[in-house]
>>> print(open('query_14.txt').read())   # compact mmCIF, C-alpha atoms and all ligand atoms
# COMPACT_ATOMS: atom_id res chain seq x y z
CA MET S 1 -78.74 -146.85 -71.19
CA ARG S 2 -82.35 -147.58 -70.21
CA SER S 3 -84.98 -146.00 -72.39
CA VAL S 4 -88.73 -146.40 -72.75
CA ARG S 5 -89.54 -147.44 -76.31
CA VAL S 6 -92.68 -147.55 -78.41
CA ASN S 7 -92.35 -150.21 -81.13
CA GLU S 8 -96.02 -150.14 -82.16
CA TYR S 9 -98.92 -147.77 -81.50
CA GLY S 10 -101.33 -148.87 -78.81
CA GLY S 11 -102.37 -148.76 -75.17
CA PRO S 12 -100.08 -147.98 -72.22
CA GLU S 13 -98.72 -151.55 -72.36
CA VAL S 14 -96.66 -150.71 -75.48
CA LEU S 15 -94.35 -148.60 -73.27
CA ARG S 16 -91.42 -150.95 -72.59
CA VAL S 17 -87.99 -150.24 -71.13
CA GLU S 18 -85.14 -151.38 -73.40
CA GLU S 19 -81.37 -151.13 -73.34
CA VAL S 20 -80.20 -148.77 -76.15
CA PRO S 21 -76.91 -146.99 -76.95
CA VAL S 22 -76.26 -143.65 -75.22
CA PRO S 23 -76.89 -140.97 -77.90
CA GLU S 24 -73.99 -138.84 -79.17
CA PRO S 25 -74.56 -135.07 -79.41
CA GLY S 26 -74.31 -133.77 -82.97
CA PRO S 27 -73.17 -130.27 -83.96
CA GLY S 28 -75.09 -127.63 -81.99
CA GLU S 29 -76.42 -130.21 -79.51
CA ALA S 30 -75.77 -131.18 -75.92
CA ARG S 31 -76.31 -134.48 -74.18
CA VAL S 32 -78.31 -134.23 -70.94
CA ARG S 33 -78.17 -136.77 -68.11
CA LEU S 34 -81.80 -136.61 -67.02
CA SER S 35 -82.83 -136.02 -63.40
CA ALA S 36 -86.50 -136.21 -64.39
CA ALA S 37 -88.71 -136.30 -67.47
CA GLY S 38 -92.15 -134.72 -67.68
CA VAL S 39 -95.19 -136.74 -68.71
CA ASN S 40 -97.64 -134.83 -70.91
CA PHE S 41 -100.95 -135.65 -72.52
CA ILE S 42 -99.33 -135.23 -75.92
CA ASP S 43 -97.24 -138.33 -75.08
CA VAL S 44 -100.53 -140.26 -75.07
CA TYR S 45 -101.50 -138.91 -78.52
CA GLN S 46 -98.05 -139.94 -79.82
CA ARG S 47 -98.18 -143.39 -78.20
CA THR S 48 -101.60 -144.17 -79.70
CA GLY S 49 -100.67 -142.79 -83.14
CA THR S 50 -103.29 -139.99 -82.90
CA TYR S 51 -100.30 -137.75 -83.65
CA PRO S 52 -98.35 -140.16 -85.86
CA GLY S 53 -94.55 -140.14 -86.06
CA GLN S 54 -91.88 -142.64 -86.96
CA LEU S 55 -91.70 -146.00 -85.18
CA PRO S 56 -89.91 -147.09 -83.08
CA PHE S 57 -89.37 -144.07 -80.84
CA THR S 58 -88.62 -142.96 -77.30
CA PRO S 59 -91.49 -140.85 -75.97
CA GLY S 60 -91.24 -137.74 -73.81
CA LEU S 61 -90.82 -134.13 -74.90
CA GLU S 62 -89.59 -132.54 -71.69
CA GLY S 63 -86.99 -132.95 -68.99
CA ALA S 64 -84.24 -131.49 -66.84
CA GLY S 65 -80.83 -132.64 -65.73
CA GLN S 66 -77.12 -131.96 -66.16
CA VAL S 67 -75.14 -131.41 -69.33
CA ASP S 68 -73.05 -134.52 -69.85
CA ALA S 69 -71.34 -133.75 -73.19
CA VAL S 70 -71.55 -131.10 -75.90
CA GLY S 71 -71.32 -131.35 -79.66
CA GLU S 72 -69.29 -129.28 -82.10
CA GLY S 73 -69.86 -125.52 -81.93
CA VAL S 74 -71.51 -125.48 -78.49
CA THR S 75 -69.60 -122.98 -76.38
CA GLU S 76 -72.19 -121.55 -73.99
CA LEU S 77 -72.69 -124.79 -72.02
CA SER S 78 -70.35 -126.78 -69.78
CA THR S 79 -70.64 -130.28 -68.41
CA GLU S 80 -72.49 -130.46 -65.08
CA ASP S 81 -74.57 -127.31 -65.87
CA TYR S 82 -78.20 -127.81 -64.87
CA VAL S 83 -80.60 -127.29 -67.77
CA ALA S 84 -84.23 -127.89 -68.70
CA PHE S 85 -86.00 -128.24 -72.03
CA ALA S 86 -89.29 -128.94 -73.75
CA MET S 87 -90.37 -129.77 -77.31
CA THR S 88 -87.49 -132.19 -77.92
CA PRO S 89 -88.26 -135.90 -78.27
CA GLY S 90 -86.77 -138.79 -76.31
CA SER S 91 -86.86 -137.76 -72.64
CA TYR S 92 -88.25 -141.03 -71.20
CA ALA S 93 -84.64 -142.23 -70.86
CA GLU S 94 -81.42 -141.82 -68.90
CA PHE S 95 -79.85 -139.51 -71.51
CA VAL S 96 -81.16 -137.38 -74.36
CA THR S 97 -79.58 -135.07 -76.92
CA VAL S 98 -81.10 -131.61 -77.25
CA PRO S 99 -80.35 -128.65 -79.56
CA ALA S 100 -78.38 -126.24 -77.35
CA TRP S 101 -80.69 -123.30 -78.19
CA LYS S 102 -83.57 -125.14 -76.52
CA LEU S 103 -81.74 -125.61 -73.21
CA VAL S 104 -82.67 -123.18 -70.45
CA PRO S 105 -80.25 -122.74 -67.52
CA VAL S 106 -81.65 -123.83 -64.15
CA ASN S 107 -80.46 -122.37 -60.86
CA VAL S 108 -81.05 -125.43 -58.70
CA THR S 109 -80.75 -123.48 -55.45
CA LEU S 110 -84.02 -121.75 -56.46
CA VAL S 111 -85.73 -124.38 -58.63
CA GLU S 112 -85.09 -128.11 -58.11
CA ALA S 113 -84.30 -130.05 -61.28
CA ARG S 114 -87.43 -132.19 -60.97
CA VAL S 115 -89.58 -129.06 -60.61
CA ALA S 116 -87.91 -127.58 -63.68
CA ALA S 117 -88.71 -130.78 -65.59
CA ALA S 118 -92.28 -130.57 -64.34
CA VAL S 119 -92.95 -127.00 -65.38
CA MET S 120 -91.30 -126.51 -68.76
CA LEU S 121 -93.94 -127.74 -71.19
CA GLN S 122 -97.15 -127.18 -69.25
CA GLY S 123 -95.85 -123.95 -67.69
CA MET S 124 -94.74 -122.40 -70.97
CA THR S 125 -98.10 -123.46 -72.38
CA ALA S 126 -99.96 -121.70 -69.56
CA HIS S 127 -97.70 -118.68 -70.14
CA TYR S 128 -98.33 -118.35 -73.87
CA LEU S 129 -102.07 -119.00 -73.52
CA SER S 130 -102.46 -116.24 -70.92
CA HIS S 131 -99.88 -113.76 -72.25
CA SER S 132 -99.90 -114.16 -76.02
CA THR S 133 -102.74 -116.19 -77.54
CA PHE S 134 -105.30 -114.29 -75.51
CA SER S 135 -103.51 -111.68 -73.43
CA LEU S 136 -105.60 -111.70 -70.27
CA GLN S 137 -106.25 -108.30 -68.72
CA SER S 138 -107.19 -107.46 -65.17
CA GLY S 139 -110.94 -107.76 -64.59
CA GLN S 140 -111.57 -110.13 -67.51
CA THR S 141 -113.07 -113.57 -66.91
CA ALA S 142 -111.56 -116.81 -68.19
CA LEU S 143 -113.07 -120.29 -68.25
CA VAL S 144 -110.31 -122.87 -67.71
CA HIS S 145 -111.21 -126.49 -68.44
CA ALA S 146 -109.55 -129.38 -66.56
CA ALA S 147 -108.45 -126.79 -64.02
CA ALA S 148 -106.84 -129.36 -61.70
CA GLY S 149 -104.74 -130.89 -64.48
CA GLY S 150 -101.11 -130.13 -65.26
CA VAL S 151 -101.71 -127.10 -67.49
CA GLY S 152 -104.93 -126.26 -65.63
CA LEU S 153 -103.40 -125.62 -62.19
CA LEU S 154 -100.62 -123.49 -63.68
CA LEU S 155 -102.94 -121.55 -66.01
CA THR S 156 -105.31 -120.83 -63.14
CA GLN S 157 -102.50 -119.41 -61.01
CA ILE S 158 -101.04 -117.33 -63.85
CA ALA S 159 -104.46 -115.99 -64.86
CA LYS S 160 -104.98 -114.87 -61.26
CA MET S 161 -101.56 -113.16 -61.28
CA ARG S 162 -102.81 -111.16 -64.26
CA GLY S 163 -105.84 -110.02 -62.29
CA ALA S 164 -108.41 -112.11 -64.16
CA ASN S 165 -111.40 -113.91 -62.70
CA VAL S 166 -111.16 -117.65 -63.21
CA ILE S 167 -113.97 -120.16 -63.54
CA GLY S 168 -112.53 -123.69 -63.55
CA THR S 169 -114.13 -126.96 -64.62
CA VAL S 170 -113.18 -130.33 -63.08
CA SER S 171 -114.63 -133.83 -62.78
CA THR S 172 -114.52 -134.42 -59.00
CA GLU S 173 -114.89 -132.64 -55.67
CA GLU S 174 -111.25 -133.39 -54.83
CA LYS S 175 -110.14 -131.71 -58.06
CA ALA S 176 -112.46 -128.80 -57.28
CA ARG S 177 -110.62 -128.32 -53.99
CA LEU S 178 -107.27 -128.27 -55.83
CA ALA S 179 -108.52 -125.78 -58.44
CA ARG S 180 -109.80 -123.46 -55.69
CA GLY S 181 -106.42 -123.80 -53.97
CA ALA S 182 -104.79 -122.58 -57.19
CA GLY S 183 -107.00 -119.49 -57.06
CA ALA S 184 -110.08 -120.36 -59.12
CA ASP S 185 -112.91 -118.03 -58.07
CA GLU S 186 -115.60 -120.50 -59.10
CA VAL S 187 -115.42 -124.19 -59.95
CA ILE S 188 -117.96 -126.19 -61.95
CA LEU S 189 -118.22 -129.99 -61.92
CA TYR S 190 -118.69 -130.31 -65.68
CA THR S 191 -119.43 -134.02 -65.38
CA GLU S 192 -122.56 -133.16 -63.38
CA LYS S 193 -123.73 -129.77 -64.62
CA ASP S 194 -124.12 -127.97 -67.96
CA PHE S 195 -121.08 -125.75 -67.64
CA SER S 196 -122.25 -123.16 -70.19
CA GLU S 197 -125.44 -122.57 -68.19
CA GLU S 198 -123.42 -122.34 -64.99
CA THR S 199 -120.95 -119.94 -66.62
CA ARG S 200 -123.81 -117.68 -67.77
CA ARG S 201 -125.29 -117.76 -64.27
CA ILE S 202 -121.94 -116.88 -62.64
CA THR S 203 -121.29 -114.03 -65.10
CA GLY S 204 -124.78 -112.54 -64.75
CA GLY S 205 -125.74 -113.75 -68.24
CA GLU S 206 -122.79 -112.08 -69.99
CA GLY S 207 -120.44 -114.99 -70.67
CA VAL S 208 -116.66 -115.06 -70.40
CA HIS S 209 -113.99 -113.22 -72.40
CA VAL S 210 -112.03 -116.39 -73.15
CA VAL S 211 -112.35 -120.16 -72.83
CA TYR S 212 -109.14 -122.16 -72.60
CA ASP S 213 -110.33 -125.56 -73.82
CA SER S 214 -107.98 -128.58 -73.70
CA VAL S 215 -110.74 -131.19 -73.54
CA GLY S 216 -112.01 -130.87 -77.13
CA ARG S 217 -114.83 -133.04 -78.35
CA SER S 218 -116.94 -133.22 -75.16
CA THR S 219 -116.67 -129.50 -74.32
CA PHE S 220 -116.26 -127.58 -77.60
CA GLU S 221 -119.88 -126.66 -78.31
CA GLN S 222 -120.68 -125.64 -74.77
CA SER S 223 -117.43 -123.67 -74.71
CA LEU S 224 -118.74 -121.57 -77.62
CA ASP S 225 -121.98 -121.07 -75.66
CA SER S 226 -120.04 -119.81 -72.63
CA LEU S 227 -118.52 -116.83 -74.46
CA ARG S 228 -119.66 -113.23 -74.54
CA PRO S 229 -119.98 -111.57 -77.99
CA ARG S 230 -116.56 -111.29 -79.65
CA GLY S 231 -115.14 -113.75 -77.11
CA TYR S 232 -112.20 -116.09 -77.80
CA LEU S 233 -112.22 -119.86 -77.77
CA VAL S 234 -108.65 -121.08 -77.46
CA LEU S 235 -108.75 -124.80 -78.27
CA TYR S 236 -105.34 -126.14 -77.28
CA GLY S 237 -105.96 -129.87 -76.73
CA GLN S 238 -108.32 -132.79 -77.22
CA ALA S 239 -108.16 -135.01 -74.13
CA SER S 240 -111.70 -136.28 -74.88
CA GLY S 241 -111.15 -136.63 -78.63
CA PRO S 242 -110.93 -134.41 -81.71
CA VAL S 243 -113.48 -131.69 -82.43
CA PRO S 244 -115.61 -132.28 -85.57
CA PRO S 245 -115.50 -129.78 -88.45
CA LEU S 246 -117.08 -126.42 -87.67
CA ASP S 247 -119.50 -124.39 -89.81
CA LEU S 248 -117.99 -120.89 -89.57
CA GLN S 249 -121.45 -119.31 -89.71
CA VAL S 250 -121.90 -120.65 -86.16
CA LEU S 251 -119.28 -118.12 -85.01
CA ASN S 252 -121.42 -115.35 -86.45
CA SER S 253 -124.70 -116.57 -84.97
CA LYS S 254 -123.15 -116.96 -81.52
CA GLY S 255 -121.78 -113.39 -81.43
CA GLY S 256 -118.85 -112.84 -83.80
CA LEU S 257 -116.64 -115.26 -81.89
CA PHE S 258 -112.97 -116.09 -82.49
CA VAL S 259 -111.48 -119.60 -82.45
CA THR S 260 -107.80 -120.49 -82.53
CA ARG S 261 -105.92 -123.81 -82.25
CA PRO S 262 -102.37 -123.05 -81.08
CA SER S 263 -99.34 -125.17 -80.10
CA LEU S 264 -96.37 -124.34 -77.90
CA ALA S 265 -93.91 -124.69 -80.79
CA GLN S 266 -95.48 -121.61 -82.43
CA TYR S 267 -95.14 -119.60 -79.22
CA ALA S 268 -91.60 -120.60 -78.20
CA ALA S 269 -90.29 -120.34 -81.72
CA ASP S 270 -86.93 -118.73 -80.99
CA ARG S 271 -84.49 -118.48 -78.10
CA GLU S 272 -85.69 -115.05 -76.97
CA GLU S 273 -89.30 -116.15 -76.63
CA LEU S 274 -88.31 -119.45 -75.02
CA LEU S 275 -86.17 -117.70 -72.37
CA TRP S 276 -88.87 -115.08 -71.69
CA ARG S 277 -91.41 -117.76 -70.89
CA ALA S 278 -89.15 -120.23 -69.03
CA GLU S 279 -87.32 -117.57 -67.00
CA SER S 280 -90.63 -115.94 -66.01
CA LEU S 281 -91.79 -119.32 -64.67
CA PHE S 282 -88.53 -119.98 -62.82
CA SER S 283 -88.55 -116.56 -61.22
CA TRP S 284 -92.19 -116.94 -60.06
CA ILE S 285 -91.30 -120.35 -58.58
CA GLY S 286 -88.17 -118.94 -56.90
CA GLN S 287 -90.23 -116.09 -55.38
CA GLY S 288 -92.90 -118.52 -54.16
CA ASN S 289 -95.58 -117.08 -56.48
CA LEU S 290 -96.11 -120.19 -58.60
CA ASP S 291 -96.69 -123.61 -57.10
CA VAL S 292 -95.81 -126.60 -59.28
CA SER S 293 -97.89 -129.48 -58.01
CA ILE S 294 -96.23 -132.83 -58.75
CA GLY S 295 -99.12 -135.27 -58.55
CA GLY S 296 -97.03 -138.39 -59.16
CA ALA S 297 -93.39 -139.50 -59.65
CA TYR S 298 -92.79 -142.85 -61.34
CA HIS S 299 -89.76 -144.96 -62.28
CA LEU S 300 -89.08 -145.33 -66.02
CA GLU S 301 -90.30 -148.93 -65.69
CA ASP S 302 -93.67 -147.57 -64.54
CA ALA S 303 -94.25 -145.28 -67.54
CA GLU S 304 -97.12 -147.61 -68.47
CA GLN S 305 -98.84 -146.91 -65.14
CA ALA S 306 -98.22 -143.17 -65.47
CA HIS S 307 -100.05 -143.20 -68.82
CA ARG S 308 -102.90 -145.29 -67.42
CA ASP S 309 -103.34 -142.84 -64.57
CA LEU S 310 -103.20 -139.77 -66.83
CA GLU S 311 -105.68 -141.14 -69.36
CA GLY S 312 -107.94 -142.44 -66.62
CA ARG S 313 -108.53 -138.87 -65.33
CA GLY S 314 -107.28 -139.97 -61.93
CA THR S 315 -104.37 -137.52 -61.74
CA SER S 316 -103.98 -133.92 -60.77
CA GLY S 317 -101.06 -131.59 -61.40
CA LYS S 318 -97.93 -132.96 -63.05
CA LEU S 319 -96.60 -136.48 -63.50
CA ILE S 320 -92.86 -137.04 -63.83
CA LEU S 321 -90.60 -140.02 -64.53
CA ILE S 322 -87.36 -140.54 -62.63
CA PRO S 323 -84.77 -142.52 -64.63
P1 LIG P 401 -103.96 -132.98 -67.72
O1 LIG P 401 -103.17 -133.20 -66.48
O2 LIG P 401 -104.78 -131.75 -67.82
O3 LIG P 401 -104.86 -134.26 -67.95
C1 LIG P 401 -105.97 -134.21 -68.79
C2 LIG P 401 -107.25 -133.83 -68.05
O4 LIG P 401 -108.27 -133.62 -68.99
C3 LIG P 401 -107.76 -134.92 -67.12
O5 LIG P 401 -107.17 -134.93 -65.84
C4 LIG P 401 -109.24 -134.58 -67.07
O6 LIG P 401 -109.53 -133.65 -66.01
C5 LIG P 401 -109.51 -133.88 -68.40
N1 LIG P 401 -110.34 -134.70 -69.28
C6 LIG P 401 -111.58 -134.38 -69.70
N2 LIG P 401 -112.09 -135.34 -70.47
C7 LIG P 401 -111.16 -136.31 -70.54
C8 LIG P 401 -111.14 -137.59 -71.17
N3 LIG P 401 -112.17 -138.04 -71.89
N4 LIG P 401 -110.03 -138.34 -71.03
C9 LIG P 401 -108.99 -137.91 -70.32
N5 LIG P 401 -108.95 -136.70 -69.69
C10 LIG P 401 -110.05 -135.91 -69.79
O7 LIG P 401 -102.98 -133.09 -68.97
P2 LIG P 401 -101.91 -132.01 -69.50
O8 LIG P 401 -101.83 -130.87 -68.55
O9 LIG P 401 -100.68 -132.73 -69.88
O10 LIG P 401 -102.56 -131.53 -70.84
C11 LIG P 401 -103.84 -130.90 -70.84
C12 LIG P 401 -104.28 -130.69 -72.26
O11 LIG P 401 -103.52 -129.63 -72.82
C13 LIG P 401 -104.14 -131.89 -73.19
O12 LIG P 401 -105.25 -131.91 -74.05
C14 LIG P 401 -102.88 -131.55 -73.96
O13 LIG P 401 -102.84 -132.14 -75.20
C15 LIG P 401 -103.00 -130.05 -74.06
N6 LIG P 401 -101.73 -129.37 -74.27
C16 LIG P 401 -101.61 -128.58 -75.38
C17 LIG P 401 -100.47 -127.87 -75.60
C18 LIG P 401 -100.42 -126.94 -76.77
O14 LIG P 401 -99.46 -126.16 -76.90
N7 LIG P 401 -101.41 -126.94 -77.63
C19 LIG P 401 -99.29 -127.99 -74.73
C20 LIG P 401 -99.54 -128.79 -73.55
C21 LIG P 401 -100.72 -129.46 -73.34
P3 LIG P 401 -110.95 -133.79 -65.27
O15 LIG P 401 -110.91 -135.14 -64.60
O16 LIG P 401 -111.00 -132.67 -64.29
O17 LIG P 401 -111.99 -133.71 -66.34
>>> encode(input="query_14.txt", output="structure tokens")
Amino acid sequence: MRSVRVNEYGGPEVLRVEEVPVPEPGPGEARVRLSAAGVNFIDVYQRTGTYPGQLPFTPGLEGAGQVDAVGEGVTELSTEDYVAFAMTPGSYAEFVTVPAWKLVPVNVTLVEARVAAAVMLQGMTAHYLSHSTFSLQSGQTALVHAAAGGVGLLLTQIAKMRGANVIGTVSTEEKARLARGAGADEVILYTEKDFSEETRRITGGEGVHVVYDSVGRSTFEQSLDSLRPRGYLVLYGQASGPVPPLDLQVLNSKGGLFVTRPSLAQYAADREELLWRAESLFSWIGQGNLDVSIGGAYHLEDAEQAHRDLEGRGTSGKLILIP
């Protein structure tokens, strides 16, 4: 089968399609014939070695398709069933093996397979950030960075569903339009303005209840300055680079603030939690309440270009690969 491989850490050019054997499902696993794989920023961290793993490897942590074979002990799945998954490596390929407990059934009459592939990782992330890490309540105000990005557009919509006010940050006017379309009440061009000052102005000097910060190094300090006393900074990514060490006394001087650094794996830790999050997303999509914006679909051979576009800040919404 065709598979994108990373043989050495580096720029997007290290993503090369190679011919490799079709993987065999082990006990408790199923093999999925992929309709689409999701591209995520974490794939960039893994490709560059920022999050080191074992070389060589097939990137991609998310996808959807049809069950093609099952391993020993798997009784709840049949071949041809449509399924989607996240947090399992190797999806930039034609086939992947996935632990059966991580496979979520997809009703393709309500949610197309490529949309399921597009929403699993970023959608479940937006779900846990807004429902569990900081459980947004009606009337609260959230600052969402990179609001026109993959997670950003979904988080904005879900935060609005929960009755929160959303202030989004983006780098361009076009992205501002997309963030407003997703429901953001206010949008700040953080490449042009001091977003903490703007946030204070918008909130009448009070600051926000929570900042969802996926940008990291370039936003972290101002994110702290955007919070009201006892506010929460949820740092869940580092698209601009890692955040330097923090003197905890700063949290005291800025108002008894909270900081957390979560990952999806901690918030979809068992089957019950995984199904709660994924099925909530699928039902919102089926009812027309959640729009999954696919900003680009690429062939496996163009994975390099997909990464260039994502890192270059030129994309909005979700990028997917079609094998
Ligand atoms: P996005 O589609 O949001 O792309 C990243 C965006 O970050 C860009 O479009 C850009 O938006 C913004 N950005 C700001 N500074 C930079 C920079 N220096 N270089 C590149 N981009 C920059 O990606 P994803 O939705 O896939 O992921 C968003 C973030 O969420 C990532 O940091 C990712 O690691 C994190 N994440 C964390 C998870 C977790 O569980 N902890 C799970 C999933 C994602 P703009 O042009 O508007 O500034």
>>> residues_near_ligand(input="query_14.txt", ligand="ligand LIG 401 (chain P)", cutoff="6 Å", atoms="only C-alpha atoms and all ligand atoms", output="NGL selection string")
:S and (40-42 or 122 or 125 or 146 or 148-152 or 170-171 or 214-215 or 236-240 or 262-264 or 310-313 or 315-317)
>>> residues_around(input="query_14.txt", residues="Gly207 (chain S)", least_positions_apart="5", cutoff="6 Å", atoms="all atoms listed in the file", output="list of chain:residue names")
S:Arg200, S:Ser226, S:Leu227, S:Arg228
>>> write_last_selection(input="query_14.txt", atoms="C-alpha atoms", output="PDB file, keeping the file's coordinate frame")
ATOM      1  CA  ARG S 200    -123.810-117.680 -67.770  1.00  0.00           C
ATOM      2  CA  SER S 226    -120.040-119.810 -72.630  1.00  0.00           C
ATOM      3  CA  LEU S 227    -118.520-116.830 -74.460  1.00  0.00           C
ATOM      4  CA  ARG S 228    -119.660-113.230 -74.540  1.00  0.00           C
TER       5      ARG S 228
END
>>> closest_residue(input="query_14.txt", among="S:Ser35, S:Ala30, S:Gln54, S:Pro59", to="Glu76 (chain S)", atoms="only C-alpha atoms")
S:Ala30
>>> closest_residue(input="query_14.txt", among="S:Glu273, S:Tyr51, S:Pro27, S:Thr97", to="Pro242 (chain S)", atoms="all atoms listed in the file")
S:Tyr51
>>> residues_around(input="query_14.txt", residues="Gly63 (chain S)", least_positions_apart="2", cutoff="12 Å", atoms="only C-alpha atoms", output="PyMOL selection string")
chain S and resi 31-40+59-61+65-67+82-98+102-104+106+113-122+319-323
>>> write_last_selection(input="query_14.txt", atoms="C-alpha atoms", output="mmCIF file, in the coordinates of the input")
data_model
loop_
_atom_site.group_PDB
_atom_site.id
_atom_site.type_symbol
_atom_site.label_atom_id
_atom_site.label_comp_id
_atom_site.auth_asym_id
_atom_site.auth_seq_id
_atom_site.Cartn_x
_atom_site.Cartn_y
_atom_site.Cartn_z
ATOM 1 C CA ARG S 31 -76.310 -134.480 -74.180
ATOM 2 C CA VAL S 32 -78.310 -134.230 -70.940
ATOM 3 C CA ARG S 33 -78.170 -136.770 -68.110
ATOM 4 C CA LEU S 34 -81.800 -136.610 -67.020
ATOM 5 C CA SER S 35 -82.830 -136.020 -63.400
ATOM 6 C CA ALA S 36 -86.500 -136.210 -64.390
ATOM 7 C CA ALA S 37 -88.710 -136.300 -67.470
ATOM 8 C CA GLY S 38 -92.150 -134.720 -67.680
ATOM 9 C CA VAL S 39 -95.190 -136.740 -68.710
ATOM 10 C CA ASN S 40 -97.640 -134.830 -70.910
ATOM 11 C CA PRO S 59 -91.490 -140.850 -75.970
ATOM 12 C CA GLY S 60 -91.240 -137.740 -73.810
ATOM 13 C CA LEU S 61 -90.820 -134.130 -74.900
ATOM 14 C CA GLY S 65 -80.830 -132.640 -65.730
ATOM 15 C CA GLN S 66 -77.120 -131.960 -66.160
ATOM 16 C CA VAL S 67 -75.140 -131.410 -69.330
ATOM 17 C CA TYR S 82 -78.200 -127.810 -64.870
ATOM 18 C CA VAL S 83 -80.600 -127.290 -67.770
ATOM 19 C CA ALA S 84 -84.230 -127.890 -68.700
ATOM 20 C CA PHE S 85 -86.000 -128.240 -72.030
ATOM 21 C CA ALA S 86 -89.290 -128.940 -73.750
ATOM 22 C CA MET S 87 -90.370 -129.770 -77.310
ATOM 23 C CA THR S 88 -87.490 -132.190 -77.920
ATOM 24 C CA PRO S 89 -88.260 -135.900 -78.270
ATOM 25 C CA GLY S 90 -86.770 -138.790 -76.310
ATOM 26 C CA SER S 91 -86.860 -137.760 -72.640
ATOM 27 C CA TYR S 92 -88.250 -141.030 -71.200
ATOM 28 C CA ALA S 93 -84.640 -142.230 -70.860
ATOM 29 C CA GLU S 94 -81.420 -141.820 -68.900
ATOM 30 C CA PHE S 95 -79.850 -139.510 -71.510
ATOM 31 C CA VAL S 96 -81.160 -137.380 -74.360
ATOM 32 C CA THR S 97 -79.580 -135.070 -76.920
ATOM 33 C CA VAL S 98 -81.100 -131.610 -77.250
ATOM 34 C CA LYS S 102 -83.570 -125.140 -76.520
ATOM 35 C CA LEU S 103 -81.740 -125.610 -73.210
ATOM 36 C CA VAL S 104 -82.670 -123.180 -70.450
ATOM 37 C CA VAL S 106 -81.650 -123.830 -64.150
ATOM 38 C CA ALA S 113 -84.300 -130.050 -61.280
ATOM 39 C CA ARG S 114 -87.430 -132.190 -60.970
ATOM 40 C CA VAL S 115 -89.580 -129.060 -60.610
ATOM 41 C CA ALA S 116 -87.910 -127.580 -63.680
ATOM 42 C CA ALA S 117 -88.710 -130.780 -65.590
ATOM 43 C CA ALA S 118 -92.280 -130.570 -64.340
ATOM 44 C CA VAL S 119 -92.950 -127.000 -65.380
ATOM 45 C CA MET S 120 -91.300 -126.510 -68.760
ATOM 46 C CA LEU S 121 -93.940 -127.740 -71.190
ATOM 47 C CA GLN S 122 -97.150 -127.180 -69.250
ATOM 48 C CA LEU S 319 -96.600 -136.480 -63.500
ATOM 49 C CA ILE S 320 -92.860 -137.040 -63.830
ATOM 50 C CA LEU S 321 -90.600 -140.020 -64.530
ATOM 51 C CA ILE S 322 -87.360 -140.540 -62.630
ATOM 52 C CA PRO S 323 -84.770 -142.520 -64.630
#
>>> closest_residue(input="query_14.txt", among="S:Thr260, S:Thr75, S:Asn7, S:Gln157", to="Gly28 (chain S)", atoms="all atoms listed in the file")
S:Thr75
